[in-house]
Every structure is written in structure tokens, then in C-alpha cells.
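To start, the structure under review is shown below, and the notes come after it.
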Amino acid sequence: MSEPVRIETRPTADGRRIGMLTLDSPASLNALSLEMIQLLQAALTRWEQDPAIVCVLLQGAGEKAFCAGGDIRSFYYRKQEASYSELFGYARDFFLQEYRLDHHIHCYGKPLVCVADGICMGGGIGLFAGAGFRVVTEKSLFAMPEVTIGLYPDVGASWFLSRMPGRLGLWLGLTGARFNGADAIGLGLADHAMGSRERAE
């Protein structure tokens, strides 16, 4: 079985390297699992300390999504077979490590480019929002839908929602409404736009 995150490097013209992280679970719309969180954190930490790595690109595999959020199905399946204390331990580890990863991206010491081509919701926005260069396409679709399953907007949302114009952040957090890439630029959540077909180039 292949790893849920592809970890690669590509050479630059001056002999150094660009780190590439690709969420690679397209069947689940690249929903973020604990294993994916751990792989991302380990690679980012290693590359931050490696002088040969000059930049990091974070993206999703497939045509539909960058990251549809946290893998909440894993909680459901664990509930069927785990005790309450085991489920609590898993949830604690998941959210603790996810939030640490999001914070690491916000504070990352090297240029980090994130491309949200397709669905980017919940935990996907947590990865996207802190990147130094946040790129959208005509296929980008954002939301913080946690309210629909009885949670609150997490992954640093109180930071980026509160900085949106007017009371739009409050509205998005309370409703879980969807918005596109152009909206994300207008809301200050994204920096650049390009065509989806240009992504590989």
C-alpha cells in the first residue's frame, strides 16, 4: 500500500532543491489522517533544517480536492471497536498533532507554497491558511463546515476568520457556507490565482 503523502524533491537551476509534499488519498478527497499529519510534520521539520531545500510546495493529488478536511470517518470506525478511553486518546493525539502542524506551517522558516486546486475545507484550510504563498484555481472550493457536525471552526480559524472584512468571517464560521478561489482572495485567505491546468507547470 502506498504512503498517503508523496514526499519528493526537485532540483533547482542553482543545484539546490524544492521539497514537494502531495496529499495522496484522492479516494477520500485527501482527507487528513493522523498518519498524514505525522508524515507532513516530519518532512517539514527535516527540510526546514536542510540548507539544500530552498522552498516547499504543498498540494493534493487527483482532480477533485486539495484536502476535504480531517478524516472524521476514522473516528467513526474506531468508535465501533475501541473503548471510550482509547477513542479519547486517539482524538487527543489527532487534534494535538494537527494543530501543531498548522502552527508550524504558519511559522515556517522557508517559503512554503500551497495550491488549493479543488475542495479545501476544514483541516485543509488549516494547512492552506498559514502558507507563505496561497494559490487558488477556478476549481477551488472552500468552507469551514465543522458546525454541520456539531463542532466549532478550529485549525486556527479564530485567527483567519476574525481578519476577514466586516463580519464575513463570523458568518462563514456560523453557517459553514462555501466560497470560491476569487472569494478567498477578496477575503484575504489567498494570495494568487492560476488555471488548474497550469498546476503541473
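In the C-alpha cells, each chain is lettered A, B, ... as it comes, each chain's residues begin at 1, and ligands are numbered from 1 in order of appearance.
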**Report entry** Ala177 of chain A environment, 9 Å, only C-alpha atoms, sequence neighbours closer than 3 positions dropped, as a list in words
**Finding:**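 Once the nearby chain positions are removed, what remains is Phe142, Ala143, Met144, Pro145, Trp171, Leu172, Gly173 and Leu174 of chain A.
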**Report entry** DSSP-assigned strand (DSSP E or B) members of segment 115-193 of chain A, reported as a PyMOL selection string
**Finding:** chain A and resi 115-116+119-121+133-136+141-143+179-180+192-193
Query - Best match for closeness to Ser74 of chain A among A:Val135, A:Met194, A:Tyr90, A:Asp183, counting only C-alpha atoms - result: A:Tyr90
Near Ile125 of chain A, counting only C-alpha atoms, which residues have an atom at most 10 Å away, once you skip same-chain residues fewer than 4 positions from it, shown as a compact mmCIF listing (two decimals) with C-alpha atoms, in the first residue's frame?
```
# COMPACT_ATOMS: atom_id res chain seq x y z
CA PHE A 66 -6.58 19.59 -2.19
CA CYS A 67 -7.88 18.40 1.21
CA ALA A 68 -11.52 17.91 2.24
CA GLY A 69 -10.68 18.26 5.96
CA ASP A 102 -0.92 24.08 11.34
CA ALA A 116 -5.69 24.53 -3.21
CA ILE A 119 -12.06 21.19 -2.48
CA CYS A 120 -10.31 22.76 0.52
CA MET A 121 -12.36 22.56 3.71
CA ALA A 129 -4.13 29.43 5.59
CA GLY A 130 -0.65 29.59 7.11
CA PHE A 142 -13.61 26.47 0.44
CA ALA A 143 -15.69 26.07 3.60
CA MET A 144 -15.39 25.66 7.35
CA ASP A 154 -10.87 25.05 14.54
CA VAL A 155 -7.41 24.75 12.87
CA GLY A 156 -6.62 28.41 13.59
CA ALA A 157 -9.95 29.66 12.21
CA PHE A 160 -8.09 33.95 9.97
CA LEU A 189 -7.33 33.99 2.67
```
Report task. Give me the residues within 7 Å of segment 22-34 of chain A as a PyMOL selection string, counting only C-alpha atoms and dropping any in the same chain fewer than 3 places off. Result -> chain A and resi 4-7+37-38+58-62+64-71+94
Just-selected residues, all heavy atoms written as a compact mmCIF listing (two decimals), in the first residue's frame:
```txt
# COMPACT_ATOMS: atom_id res chain seq x y z
N PRO A 4 0.24 7.75 2.16
CA PRO A 4 -0.81 8.74 1.89
C PRO A 4 -0.27 10.14 1.62
O PRO A 4 -1.04 11.04 1.29
CB PRO A 4 -1.65 8.71 3.16
CG PRO A 4 -0.70 8.28 4.23
CD PRO A 4 0.26 7.33 3.56
N VAL A 5 1.05 10.34 1.76
CA VAL A 5 1.69 11.60 1.39
C VAL A 5 2.92 11.27 0.54
O VAL A 5 3.79 10.52 0.99
CB VAL A 5 2.12 12.42 2.63
CG1 VAL A 5 2.85 13.69 2.19
CG2 VAL A 5 0.93 12.77 3.50
N ARG A 6 2.96 11.80 -0.68
CA ARG A 6 4.16 11.64 -1.50
C ARG A 6 5.16 12.71 -1.11
O ARG A 6 4.84 13.90 -1.11
CB ARG A 6 3.82 11.76 -2.99
CG ARG A 6 3.09 10.57 -3.54
CD ARG A 6 3.19 10.44 -5.06
NE ARG A 6 3.04 11.69 -5.78
CZ ARG A 6 1.89 12.12 -6.31
NH1 ARG A 6 0.79 11.44 -6.17
NH2 ARG A 6 1.85 13.26 -6.97
N ILE A 7 6.37 12.28 -0.80
CA ILE A 7 7.43 13.19 -0.36
C ILE A 7 8.55 13.11 -1.39
O ILE A 7 9.19 12.06 -1.55
CB ILE A 7 7.92 12.81 1.05
CG1 ILE A 7 6.75 12.85 2.04
CG2 ILE A 7 9.05 13.73 1.50
CD1 ILE A 7 7.08 12.30 3.42
N ILE A 37 -0.73 13.61 8.89
CA ILE A 37 -0.25 14.71 9.73
C ILE A 37 1.18 14.44 10.17
O ILE A 37 2.05 15.32 10.10
CB ILE A 37 -1.18 14.89 10.95
CG1 ILE A 37 -2.54 15.42 10.50
CG2 ILE A 37 -0.55 15.80 12.00
CD1 ILE A 37 -3.62 15.31 11.57
N GLN A 38 1.45 13.22 10.61
CA GLN A 38 2.79 12.87 11.09
C GLN A 38 3.82 12.90 9.97
O GLN A 38 4.95 13.37 10.16
CB GLN A 38 2.74 11.49 11.76
CG GLN A 38 1.94 11.51 13.05
CD GLN A 38 1.62 10.11 13.58
OE1 GLN A 38 1.68 9.12 12.84
NE2 GLN A 38 1.28 10.03 14.85
N LEU A 58 3.19 22.41 -1.28
CA LEU A 58 2.19 21.52 -0.69
C LEU A 58 0.98 21.51 -1.61
O LEU A 58 0.43 22.57 -1.93
CB LEU A 58 1.83 22.00 0.71
CG LEU A 58 0.71 21.26 1.45
CD1 LEU A 58 1.04 19.78 1.63
CD2 LEU A 58 0.47 21.92 2.81
N GLN A 59 0.54 20.30 -2.02
CA GLN A 59 -0.58 20.18 -2.94
C GLN A 59 -1.32 18.87 -2.70
O GLN A 59 -0.89 18.05 -1.88
CB GLN A 59 -0.06 20.22 -4.39
CG GLN A 59 0.87 19.06 -4.71
CD GLN A 59 1.46 19.13 -6.10
OE1 GLN A 59 1.06 19.95 -6.92
NE2 GLN A 59 2.42 18.26 -6.40
N GLY A 60 -2.42 18.68 -3.41
CA GLY A 60 -3.19 17.45 -3.30
C GLY A 60 -3.18 16.68 -4.61
O GLY A 60 -3.12 17.28 -5.69
N ALA A 61 -3.26 15.36 -4.52
CA ALA A 61 -3.33 14.52 -5.71
C ALA A 61 -4.78 14.44 -6.20
O ALA A 61 -5.72 14.64 -5.44
CB ALA A 61 -2.82 13.12 -5.39
N GLY A 62 -4.93 14.15 -7.48
CA GLY A 62 -6.26 13.98 -8.05
C GLY A 62 -6.83 15.27 -8.59
O GLY A 62 -6.26 16.35 -8.45
N LYS A 64 -10.07 16.42 -7.87
CA LYS A 64 -11.21 16.96 -7.14
C LYS A 64 -10.87 17.80 -5.92
O LYS A 64 -11.62 18.69 -5.57
CB LYS A 64 -12.14 15.82 -6.70
CG LYS A 64 -12.79 15.09 -7.86
CD LYS A 64 -13.73 14.02 -7.34
CE LYS A 64 -14.42 13.31 -8.50
NZ LYS A 64 -15.30 12.24 -8.01
N ALA A 65 -9.77 17.49 -5.25
CA ALA A 65 -9.57 18.12 -3.94
C ALA A 65 -8.10 18.33 -3.61
O ALA A 65 -7.25 17.50 -3.95
CB ALA A 65 -10.21 17.27 -2.84
N PHE A 66 -7.84 19.44 -2.91
CA PHE A 66 -6.58 19.59 -2.19
C PHE A 66 -6.68 18.79 -0.89
O PHE A 66 -5.91 17.88 -0.65
CB PHE A 66 -6.29 21.07 -1.90
CG PHE A 66 -5.26 21.28 -0.84
CD1 PHE A 66 -3.98 20.78 -0.99
CD2 PHE A 66 -5.58 21.95 0.34
CE1 PHE A 66 -3.02 20.94 0.02
CE2 PHE A 66 -4.64 22.12 1.34
CZ PHE A 66 -3.36 21.62 1.18
N CYS A 67 -7.66 19.13 -0.04
CA CYS A 67 -7.88 18.40 1.21
C CYS A 67 -9.28 18.73 1.71
O CYS A 67 -9.58 19.90 1.99
CB CYS A 67 -6.83 18.78 2.25
SG CYS A 67 -7.08 17.99 3.86
N ALA A 68 -10.12 17.71 1.84
CA ALA A 68 -11.52 17.91 2.24
C ALA A 68 -11.69 18.05 3.75
O ALA A 68 -12.82 18.10 4.23
CB ALA A 68 -12.38 16.77 1.71
N GLY A 69 -10.59 18.11 4.51
CA GLY A 69 -10.68 18.26 5.96
C GLY A 69 -10.13 17.05 6.68
O GLY A 69 -9.48 16.19 6.09
N GLY A 70 -10.41 16.99 7.98
CA GLY A 70 -9.96 15.86 8.78
C GLY A 70 -10.73 14.60 8.43
O GLY A 70 -11.89 14.64 8.02
N ASP A 71 -10.06 13.46 8.57
CA ASP A 71 -10.67 12.17 8.26
C ASP A 71 -11.57 11.74 9.41
O ASP A 71 -11.19 10.94 10.26
CB ASP A 71 -9.58 11.13 8.00
CG ASP A 71 -10.12 9.78 7.58
OD1 ASP A 71 -11.35 9.68 7.32
OD2 ASP A 71 -9.34 8.82 7.53
N PHE A 94 -4.80 13.14 17.60
CA PHE A 94 -5.12 13.68 16.27
C PHE A 94 -5.14 15.20 16.30
O PHE A 94 -4.45 15.86 15.53
CB PHE A 94 -6.46 13.13 15.78
CG PHE A 94 -6.83 13.61 14.40
CD1 PHE A 94 -6.51 12.86 13.28
CD2 PHE A 94 -7.48 14.82 14.21
CE1 PHE A 94 -6.84 13.30 12.01
CE2 PHE A 94 -7.82 15.27 12.94
CZ PHE A 94 -7.49 14.51 11.84
```
Query - Leu112 of chain A surroundings by only C-alpha atoms, 8 Å radius, close-in-sequence under 5 positions cut, as a ChimeraX atom specification - result: /A:55-58,105,131-133
Requested in this report: For Lys79 of chain A, list every protein, DNA or RNA residue within 12 Å, evaluated using only C-alpha atoms, and leave out those in the same chain fewer than 6 positions away; present the list as a list in words.
Outcome: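 What passes the distance filter is Ile72, Arg73, Ser85, Glu86, Leu87, Phe88, Gly89, Tyr90 and Ala91 of chain A.
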Find the residues around Ser140 of chain A up to 6 Å (only C-alpha atoms counted), leave out those fewer than 3 positions away in its own chain, and share them as a short mmCIF file (atom, residue, chain, number, x, y, z; two decimals) with C-alpha atoms, in the first residue's frame.
```
data_model
loop_
_atom_site.label_atom_id
_atom_site.label_comp_id
_atom_site.auth_asym_id
_atom_site.auth_seq_id
_atom_site.Cartn_x
_atom_site.Cartn_y
_atom_site.Cartn_z
CA ASP A 117 -6.89 23.13 -6.52
CA GLY A 118 -10.39 21.77 -5.84
CA ILE A 119 -12.06 21.19 -2.48
CA VAL A 136 -6.15 29.09 -5.83
CA THR A 137 -7.61 27.98 -9.16
CA ASN A 180 -14.56 30.00 -4.28
CA GLY A 181 -10.99 30.97 -5.07
#
```
Query - Atom pair atom CA of His103 of chain A / atom CA of Leu127 of chain A: separation (Å) - result: 9.0 Å
Requested in this report: Please measure the separation of atom CA of Ala190 of chain A and atom CA of Pro165 of chain A, giving the value in Å to one decimal.
Outcome: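 That distance, rounded to one decimal, is 13.6 Å.
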Report task. Assign secondary structure with DSSP using the backbone only, and return the residues of segment 65-190 of chain A in helix (DSSP H, G or I) as a ChimeraX atom specification. Result -> /A:72-81,84-106,123-129,145-149,157-161,168-175,181-186
